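As stored in work36.txt (compact mmCIF, C-alpha atoms and all ligand atoms):
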```
# COMPACT_ATOMS: atom_id res chain seq x y z
CA MET B 1 8.69 -153.89 -37.29
CA LYS B 2 9.45 -150.63 -35.54
CA ASN B 3 11.08 -147.93 -37.66
CA LEU B 4 14.28 -146.76 -35.93
CA LEU B 5 15.97 -144.59 -38.55
CA LYS B 6 14.39 -142.92 -41.56
CA VAL B 7 16.57 -140.98 -44.00
CA GLU B 8 14.62 -139.04 -46.62
CA ASN B 9 15.96 -137.13 -49.63
CA LEU B 10 19.27 -136.46 -47.92
CA SER B 11 21.70 -134.43 -50.04
CA VAL B 12 25.07 -133.25 -48.71
CA ALA B 13 27.49 -131.07 -50.70
CA PHE B 14 30.97 -129.58 -50.44
CA PRO B 15 31.91 -126.19 -51.88
CA PHE B 16 34.35 -126.07 -54.83
CA ASP B 17 35.46 -123.28 -57.19
CA THR B 18 33.10 -124.84 -59.72
CA GLY B 19 30.16 -124.61 -57.25
CA ASP B 20 28.71 -126.87 -54.55
CA LYS B 21 29.04 -130.54 -55.44
CA LYS B 22 26.84 -133.17 -53.83
CA ALA B 23 28.69 -136.11 -52.26
CA VAL B 24 25.33 -137.60 -51.20
CA ILE B 25 22.31 -137.15 -53.47
CA ASP B 26 18.67 -137.82 -52.54
CA MET B 27 19.45 -140.66 -50.19
CA ASN B 28 16.42 -142.58 -48.92
CA PHE B 29 16.34 -145.58 -46.63
CA GLU B 30 14.85 -146.94 -43.42
CA LEU B 31 16.23 -149.14 -40.68
CA HIS B 32 13.93 -151.22 -38.51
CA GLU B 33 14.43 -153.30 -35.38
CA HIS B 34 16.78 -156.22 -36.08
CA ASP B 35 17.75 -154.86 -39.50
CA PHE B 36 21.31 -155.61 -40.54
CA VAL B 37 21.92 -153.56 -43.65
CA GLY B 38 25.11 -153.18 -45.68
CA LEU B 39 26.05 -149.97 -47.49
CA VAL B 40 28.62 -150.75 -50.17
CA GLY B 41 30.44 -148.93 -52.93
CA GLU B 42 33.94 -148.01 -54.04
CA SER B 43 35.99 -145.39 -52.27
CA GLY B 44 34.59 -141.90 -52.81
CA CYS B 45 30.96 -143.03 -53.30
CA GLY B 46 29.74 -141.06 -50.29
CA LYS B 47 29.26 -143.79 -47.69
CA SER B 48 31.21 -142.00 -44.94
CA VAL B 49 29.75 -138.55 -45.68
CA ALA B 50 26.27 -140.07 -45.37
CA ALA B 51 27.14 -141.85 -42.10
CA GLN B 52 28.83 -138.79 -40.59
CA THR B 53 25.80 -136.63 -41.44
CA ILE B 54 23.43 -139.14 -39.83
CA MET B 55 25.62 -138.94 -36.69
CA GLY B 56 25.82 -135.12 -36.81
CA LEU B 57 29.60 -135.46 -37.27
CA GLN B 58 29.92 -134.11 -40.80
CA HIS B 59 32.89 -131.96 -41.84
CA PRO B 60 32.36 -128.24 -41.00
CA LYS B 61 32.41 -127.45 -44.73
CA ALA B 62 29.68 -129.99 -45.53
CA ILE B 63 26.42 -128.33 -46.57
CA ILE B 64 23.17 -130.19 -45.94
CA LYS B 65 21.26 -129.26 -49.07
CA SER B 66 18.06 -131.09 -48.26
CA GLY B 67 16.53 -133.94 -46.41
CA SER B 68 15.31 -135.31 -43.16
CA ILE B 69 16.81 -137.77 -40.69
CA GLU B 70 14.35 -139.22 -38.19
CA LEU B 71 15.71 -141.23 -35.30
CA MET B 72 12.90 -143.10 -33.58
CA GLU B 73 10.43 -140.70 -35.17
CA GLU B 74 12.27 -137.59 -33.98
CA GLU B 75 13.81 -135.20 -36.54
CA ILE B 76 17.51 -134.85 -35.69
CA ILE B 77 19.12 -133.34 -38.78
CA HIS B 78 19.77 -129.85 -37.39
CA SER B 79 20.12 -130.79 -33.71
CA SER B 80 22.16 -128.59 -31.34
CA PRO B 81 25.48 -129.85 -29.91
CA GLU B 82 23.70 -130.41 -26.56
CA LYS B 83 21.03 -132.51 -28.22
CA TRP B 84 23.68 -134.55 -30.07
CA GLN B 85 25.36 -135.21 -26.72
CA GLN B 86 22.09 -136.83 -25.56
CA LEU B 87 21.59 -138.81 -28.78
CA ARG B 88 25.05 -140.17 -29.49
CA GLY B 89 25.88 -143.28 -27.53
CA ARG B 90 22.36 -143.56 -26.12
CA LYS B 91 20.16 -143.66 -29.24
CA ILE B 92 22.68 -143.95 -32.07
CA SER B 93 26.32 -145.03 -32.03
CA MET B 94 29.10 -145.33 -34.55
CA ILE B 95 32.15 -147.55 -34.78
CA PHE B 96 34.99 -146.12 -36.82
CA GLN B 97 37.68 -147.67 -39.02
CA GLU B 98 40.69 -146.85 -36.88
CA PRO B 99 40.20 -147.58 -33.18
CA MET B 100 43.49 -145.90 -32.26
CA ASN B 101 42.24 -142.60 -33.71
CA SER B 102 39.07 -142.76 -31.66
CA LEU B 103 40.36 -144.02 -28.29
CA ASN B 104 41.98 -141.61 -25.84
CA PRO B 105 45.57 -142.88 -25.45
CA LEU B 106 45.84 -141.38 -21.95
CA MET B 107 42.76 -142.96 -20.41
CA LYS B 108 42.25 -146.55 -19.26
CA VAL B 109 39.95 -148.36 -21.64
CA GLY B 110 37.46 -149.39 -18.94
CA ARG B 111 37.11 -145.74 -17.90
CA GLN B 112 36.50 -144.74 -21.52
CA ILE B 113 33.58 -147.14 -21.79
CA GLU B 114 32.32 -146.01 -18.36
CA GLU B 115 32.29 -142.36 -19.48
CA VAL B 116 29.52 -143.17 -21.99
CA LEU B 117 27.36 -144.42 -19.10
CA GLU B 118 28.22 -141.38 -16.99
CA ILE B 119 26.90 -139.05 -19.70
CA HIS B 120 23.57 -140.83 -20.04
CA PHE B 121 22.68 -142.43 -16.70
CA ASP B 122 22.72 -141.73 -13.02
CA PHE B 123 24.17 -145.09 -11.95
CA SER B 124 26.49 -145.58 -8.97
CA LYS B 125 30.17 -146.15 -9.68
CA GLU B 126 29.83 -149.83 -8.76
CA ARG B 127 26.84 -150.32 -11.06
CA ARG B 128 28.66 -148.57 -13.92
CA LYS B 129 31.67 -150.83 -13.55
CA GLU B 130 29.41 -153.88 -13.45
CA ILE B 131 27.75 -152.86 -16.75
CA VAL B 132 31.11 -152.04 -18.37
CA VAL B 133 32.62 -155.40 -17.42
CA ASP B 134 29.48 -157.18 -18.60
CA THR B 135 29.61 -155.36 -21.96
CA MET B 136 33.32 -156.16 -22.33
CA LYS B 137 32.46 -159.83 -21.86
CA LYS B 138 29.67 -159.59 -24.44
CA VAL B 139 32.10 -158.31 -27.06
CA GLY B 140 34.31 -161.33 -26.44
CA LEU B 141 36.98 -159.91 -24.13
CA ARG B 142 38.34 -162.17 -21.43
CA ASN B 143 40.14 -161.14 -18.21
CA THR B 144 37.87 -158.12 -18.28
CA GLU B 145 38.70 -156.85 -14.74
CA GLU B 146 42.34 -156.74 -15.79
CA ILE B 147 41.80 -155.22 -19.24
CA TYR B 148 39.57 -152.56 -17.66
CA GLU B 149 42.77 -151.05 -16.19
CA TRP B 150 44.78 -151.14 -19.44
CA TYR B 151 45.64 -148.23 -21.71
CA PRO B 152 44.79 -148.52 -25.45
CA HIS B 153 48.43 -149.11 -26.51
CA GLU B 154 48.53 -152.23 -24.30
CA LEU B 155 45.80 -153.88 -26.42
CA SER B 156 46.06 -155.58 -29.82
CA GLY B 157 44.20 -154.06 -32.80
CA GLY B 158 41.40 -156.61 -32.49
CA MET B 159 41.00 -155.92 -28.75
CA GLN B 160 40.98 -152.17 -29.39
CA GLN B 161 38.21 -152.65 -31.93
CA ARG B 162 36.27 -154.73 -29.34
CA ILE B 163 36.65 -151.86 -26.86
CA MET B 164 35.26 -149.48 -29.50
CA ILE B 165 32.32 -151.83 -30.06
CA ALA B 166 31.76 -152.05 -26.28
CA MET B 167 31.76 -148.23 -26.09
CA ALA B 168 29.23 -148.08 -28.92
CA LEU B 169 26.93 -150.66 -27.31
CA VAL B 170 27.26 -149.98 -23.57
CA ALA B 171 24.34 -147.55 -23.35
CA ASN B 172 22.18 -149.82 -25.51
CA PRO B 173 21.58 -147.50 -28.49
CA ARG B 174 18.89 -148.43 -31.00
CA VAL B 175 20.96 -147.75 -34.12
CA LEU B 176 24.55 -148.77 -34.67
CA ILE B 177 26.59 -147.55 -37.63
CA ALA B 178 29.81 -149.43 -38.32
CA ASP B 179 32.05 -147.66 -40.85
CA GLU B 180 34.54 -150.19 -42.28
CA PRO B 181 35.09 -151.62 -38.76
CA THR B 182 37.42 -154.38 -39.93
CA THR B 183 39.57 -152.50 -42.44
CA ALA B 184 42.39 -151.61 -40.08
CA ILE B 185 42.81 -155.07 -38.54
CA ASP B 186 44.53 -158.16 -39.88
CA ALA B 187 42.65 -160.97 -41.63
CA THR B 188 42.34 -163.50 -38.76
CA ILE B 189 41.10 -160.87 -36.33
CA GLN B 190 38.73 -159.60 -39.04
CA THR B 191 36.98 -162.98 -39.02
CA GLN B 192 36.56 -162.79 -35.23
CA ILE B 193 35.17 -159.26 -35.38
CA LEU B 194 32.75 -160.28 -38.14
CA LYS B 195 31.59 -163.18 -35.98
CA LEU B 196 31.08 -160.70 -33.18
CA PHE B 197 28.87 -158.61 -35.47
CA LYS B 198 26.81 -161.71 -36.21
CA ASP B 199 26.45 -162.31 -32.46
CA ILE B 200 25.51 -158.67 -31.93
CA GLU B 201 22.52 -159.33 -34.14
CA ASP B 202 21.23 -161.82 -31.56
CA LEU B 203 22.07 -159.94 -28.38
CA TYR B 204 20.98 -156.54 -29.64
CA ARG B 205 17.47 -155.42 -30.52
CA GLY B 206 18.55 -152.43 -32.56
CA ALA B 207 19.44 -151.92 -36.21
CA VAL B 208 22.91 -152.07 -37.74
CA LEU B 209 24.15 -150.17 -40.78
CA PHE B 210 27.38 -151.84 -41.84
CA ILE B 211 29.49 -149.77 -44.25
CA SER B 212 32.14 -151.36 -46.43
CA HIS B 213 33.70 -151.22 -49.89
CA ASP B 214 33.81 -155.04 -49.76
CA LEU B 215 30.63 -156.58 -51.15
CA LYS B 216 31.77 -160.10 -50.33
CA LEU B 217 32.29 -159.27 -46.68
CA VAL B 218 28.96 -157.46 -46.44
CA SER B 219 27.16 -160.36 -48.10
CA LYS B 220 28.44 -162.67 -45.34
CA ILE B 221 26.76 -160.80 -42.52
CA CYS B 222 24.00 -158.50 -43.80
CA LYS B 223 20.39 -159.30 -44.62
CA ARG B 224 19.92 -156.38 -46.98
CA ILE B 225 22.34 -154.40 -49.11
CA MET B 226 22.32 -150.88 -50.52
CA VAL B 227 24.79 -150.22 -53.32
CA MET B 228 25.99 -146.64 -53.61
CA TYR B 229 27.63 -144.99 -56.57
CA ALA B 230 28.76 -141.35 -56.82
CA GLY B 231 26.48 -140.24 -54.01
CA ARG B 232 23.40 -142.21 -54.97
CA ILE B 233 21.91 -145.52 -53.90
CA ILE B 234 21.63 -147.17 -57.31
CA GLU B 235 20.48 -150.62 -56.21
CA GLU B 236 19.19 -152.15 -53.00
CA GLY B 237 17.53 -155.34 -51.92
CA ASP B 238 17.60 -158.59 -49.99
CA ILE B 239 21.00 -160.16 -49.86
CA ASN B 240 19.99 -163.16 -51.98
CA ALA B 241 18.48 -161.01 -54.69
CA ILE B 242 21.53 -158.75 -54.91
CA ILE B 243 24.03 -161.61 -54.93
CA ASN B 244 22.12 -164.01 -57.21
CA THR B 245 20.26 -161.65 -59.53
CA PRO B 246 22.08 -158.29 -59.48
CA LYS B 247 20.44 -155.86 -61.87
CA HIS B 248 22.59 -152.73 -62.03
CA PRO B 249 25.70 -153.05 -64.23
CA TYR B 250 27.70 -151.50 -61.34
CA THR B 251 26.52 -154.16 -58.86
CA LYS B 252 27.28 -156.83 -61.46
CA GLY B 253 30.78 -155.35 -61.83
CA LEU B 254 31.36 -155.31 -58.06
CA LEU B 255 30.34 -158.98 -57.86
CA LYS B 256 32.51 -159.91 -60.83
CA ALA B 257 35.48 -158.20 -59.19
CA ILE B 258 35.29 -160.48 -56.11
CA PRO B 259 38.28 -162.86 -56.24
CA ASP B 260 37.16 -166.48 -56.74
CA TYR B 261 39.37 -169.49 -56.17
CA LYS B 262 37.67 -171.27 -59.11
CA LYS B 263 39.11 -168.59 -61.41
CA ARG B 264 42.65 -169.03 -60.08
CA GLY B 265 45.25 -168.17 -62.69
CA GLN B 266 42.91 -165.84 -64.58
CA PRO B 267 43.40 -162.07 -64.36
CA LEU B 268 41.25 -160.38 -61.71
CA TYR B 269 38.34 -158.40 -63.14
CA ASN B 270 38.27 -154.67 -62.44
CA ILE B 271 35.43 -152.31 -63.34
CA PRO B 272 37.07 -150.10 -65.99
CA GLY B 273 37.69 -146.46 -65.05
CA GLN B 274 37.22 -144.76 -61.70
CA VAL B 275 34.59 -142.88 -59.72
CA THR B 276 34.72 -139.28 -61.00
CA PRO B 277 36.30 -136.98 -58.38
CA LEU B 278 33.61 -134.98 -56.61
CA LYS B 279 34.76 -131.61 -57.96
CA ASP B 280 34.34 -132.83 -61.57
CA ARG B 281 30.94 -134.47 -61.16
CA ILE B 282 27.91 -133.21 -63.04
CA GLU B 283 24.44 -134.13 -61.92
CA ILE B 284 23.06 -134.99 -65.32
CA GLY B 285 22.32 -138.52 -66.40
CA CYS B 286 23.50 -141.69 -64.73
CA PRO B 287 26.81 -141.18 -62.86
CA PHE B 288 27.98 -144.66 -63.92
CA TYR B 289 27.43 -143.85 -67.62
CA LYS B 290 31.10 -143.59 -68.65
CA ARG B 291 32.09 -146.90 -67.06
CA CYS B 292 28.99 -148.86 -68.02
CA GLU B 293 29.23 -151.66 -70.57
CA SER B 294 25.45 -151.46 -71.23
CA ARG B 295 25.16 -147.69 -71.62
CA MET B 296 22.57 -146.16 -73.93
CA LYS B 297 22.09 -142.61 -75.19
CA ILE B 298 19.45 -141.83 -72.56
CA CYS B 299 21.85 -142.75 -69.72
CA ARG B 300 23.97 -139.68 -70.45
CA GLU B 301 20.97 -137.37 -70.31
CA VAL B 302 18.56 -138.54 -67.61
CA PHE B 303 19.06 -140.13 -64.19
CA PRO B 304 16.89 -143.27 -64.23
CA LYS B 305 13.75 -143.67 -62.15
CA THR B 306 13.64 -146.45 -59.59
CA SER B 307 12.34 -149.78 -60.89
CA ASP B 308 10.80 -151.80 -58.07
CA PHE B 309 11.00 -155.60 -58.19
CA GLY B 310 9.57 -156.18 -54.71
CA ASN B 311 12.59 -157.44 -52.81
CA GLN B 312 14.98 -155.43 -54.98
CA LYS B 313 15.03 -151.88 -56.39
CA VAL B 314 17.30 -150.53 -59.10
CA CYS B 315 17.94 -147.19 -60.78
CA CYS B 316 18.92 -148.14 -64.32
CA HIS B 317 17.43 -147.41 -67.76
CA LEU B 318 17.80 -151.07 -68.70
CA TYR B 319 14.73 -151.68 -66.56
CA ASP B 320 12.57 -148.72 -67.70
CA ASN B 321 9.05 -149.75 -68.60
N1 LIG B 401 35.78 -132.38 -46.41
C1 LIG B 401 35.60 -132.66 -47.70
N2 LIG B 401 35.80 -131.71 -48.65
C2 LIG B 401 35.60 -131.99 -49.96
N3 LIG B 401 35.23 -133.17 -50.44
C3 LIG B 401 35.03 -134.17 -49.53
C4 LIG B 401 35.22 -133.97 -48.13
N4 LIG B 401 34.96 -135.14 -47.50
C5 LIG B 401 34.63 -136.03 -48.47
N5 LIG B 401 34.67 -135.45 -49.68
C6 LIG B 401 34.37 -136.07 -50.96
O1 LIG B 401 33.07 -136.63 -50.91
C7 LIG B 401 33.03 -137.84 -51.66
C8 LIG B 401 32.50 -138.94 -50.79
O2 LIG B 401 33.47 -139.23 -49.78
P1 LIG B 401 33.29 -140.39 -48.72
O3 LIG B 401 34.42 -140.31 -47.75
O4 LIG B 401 31.91 -140.32 -48.15
O5 LIG B 401 33.43 -141.68 -49.61
P2 LIG B 401 33.40 -143.19 -49.13
O6 LIG B 401 32.46 -143.89 -50.04
O7 LIG B 401 33.12 -143.26 -47.68
O8 LIG B 401 34.90 -143.61 -49.42
P3 LIG B 401 35.94 -144.35 -48.44
O9 LIG B 401 35.51 -145.78 -48.50
O10 LIG B 401 37.24 -144.10 -49.12
O11 LIG B 401 35.80 -143.71 -47.10
C9 LIG B 401 34.45 -138.10 -52.17
O12 LIG B 401 34.54 -137.68 -53.50
C10 LIG B 401 35.31 -137.24 -51.27
O13 LIG B 401 36.47 -136.81 -51.93
```

Spell out the structure here as structure tokens.
Amino acid sequence: MKNLLKVENLSVAFPFDTGDKKAVIDMNFELHEHDFVGLVGESGCGKSVAAQTIMGLQHPKAIIKSGSIELMEEEIIHSSPEKWQQLRGRKISMIFQEPMNSLNPLMKVGRQIEEVLEIHFDFSKERRKEIVVDTMKKVGLRNTEEIYEWYPHELSGGMQQRIMIAMALVANPRVLIADEPTTAIDATIQTQILKLFKDIEDLYRGAVLFISHDLKLVSKICKRIMVMYAGRIIEEGDINAIINTPKHPYTKGLLKAIPDYKKRGQPLYNIPGQVTPLKDRIEIGCPFYKRCESRMKICREVFPKTSDFGNQKVCCHLYDN
């Protein structure tokens, strides 16, 4: 299948008194047509820094230490602001956690979606409105002609998130990055938005990178999962392999921590300890060493090589040859 996004050896750091510290380390992955890939890990693992860098929206203090990001076989990592204007919305789009932070409170929502089309195409006003209304319908909004005229504050959280998704999809980009798109909305609406993501898979020929700290949620909708810890992808594979035969002790811990009604009454499992704050991280050995129940001497000294099991890859000394 066609390769839409290729991230190679991407490392992104932030400066601290103790030196530059990498929030993303040697990240490698590819997205192809119809891919629906989850990126999971606890807070602080580097998921958002990676996504922002891929979108050219990284913090001004972020330093790209190395790597390449190819979007449809074009290198984009050091693109100019003008180039990014052409790429974002048209070739790659992102949906953020908090729709209210991303929507303009002073502009009608229909207009906001239309603006994306204005940037990229030379359509007439009538044609633009037609496409906007059609996209609003596709993301499950009803009374679209009416809602077109509404301001963001007149919409519920779930409707606002649908508007954000419509904005991201209206110009038919090939890659869609969704960064915790259901975190800020309540549980019932979350289910609807997740269903919408499943539908997107059918009506959209592109690739989706779905970012979340919630492995259970990701396992419901993604075909492949990448597990990130302290800046590194430490395990990745087909959904069934990761859920049924997780290999990395961190992935096993994340799965064990998922609440299960069969274990009602028992205390909820938590992986002991926390992700080391970025400023205190050292790049020697396995970053999960201190929290790992299976740690060995070598884990403190050397970051493990990747062991490849075909439909699953893991970076852990337990699987060294
Ligand atoms: N502007 C910044 N300056 C310094 N450190 C930063 C900055 N932005 C992010 N970091 C650090 O980089 C690391 C990765 O952050 P990131 O936001 O990517 O994590 P995340 O996995 O997306 O977590 P969350 O789910 O909470 O968003 C964290 O340790 C964070 O504190």

_Around ligand LIG 401 (chain B), which protein and nucleic acid residues have at least one atom no more than 10 Å from it, if we count all atoms listed in the file? List them as a ChimeraX atom specification._
/B:12-16,20-24,39-53,58-62,97,179-180,183,211-214,228-231,275-281

*Rank nothing, just name the residue among B:Asp186, B:Lys83, B:Ile92, B:Pro152 nearest to Met107 in chain B, using only C-alpha atoms.*
B:Pro152

_Distance of CA of Val109 in chain B from CA of Asp134 in chain B, expressed in Å to one decimal place_ =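 Answer for the CA of Asp134 in chain B to CA of Val109 in chain B separation: 14.0 Å.
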
_Length of the CA of Phe96 in chain B to CA of Ala178 in chain B vector [Å]_ =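 For CA of Phe96 in chain B relative to CA of Ala178 in chain B, the distance reads 6.3 Å.
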
*Could you pull the residues within 7 Å of range 192-202 of chain B, counting all atoms listed in the file, minus those fewer than 5 positions along the same chain, as a VMD selection string?*
chain B and resid 34 139 221

Create the file for the chosen residues now, containing C-alpha atoms and written as a JSON list (two decimals), keeping the file's coordinate frame.
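Saved as part.json:
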```json
[["chain", "number", "residue", "atom", "x", "y", "z"],
["B", 34, "HIS", "CA", 16.78, -156.22, -36.08],
["B", 139, "VAL", "CA", 32.10, -158.31, -27.06],
["B", 221, "ILE", "CA", 26.76, -160.80, -42.52]]
```

*asked:* Set the distance at 8 Å and use all atoms listed in the file: which residues neighbour Glu114 in chain B once local chain neighbours fewer than 3 positions away are removed? I'd like the list as an MDAnalysis selection string.
replied: chainID B and resid 110:111 117:118 128:129 132

*Any idea what the distance is between CA of Met167 in chain B and CA of Phe121 in chain B?*
14.3 Å

*Which of these, B:Lys138, B:His78, B:Lys247, B:Arg88, has the shortest distance to Ala168 in chain B once you count all atoms listed in the file?*
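The answer is B:Arg88, which sits nearest to Ala168 in chain B.
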
*Pick from B:Leu103, B:Ile239, B:Ile54, B:Met72, whichever lies nearest to Trp84 in chain B using only C-alpha atoms*: B:Ile54

*Which residue out of B:Ile64, B:Ile76, B:Leu71, B:Ile113 has the minimum interatomic distance to Ala166 in chain B when all atoms listed in the file are used?*
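Of all the options, B:Ile113 lies closest to Ala166 in chain B.
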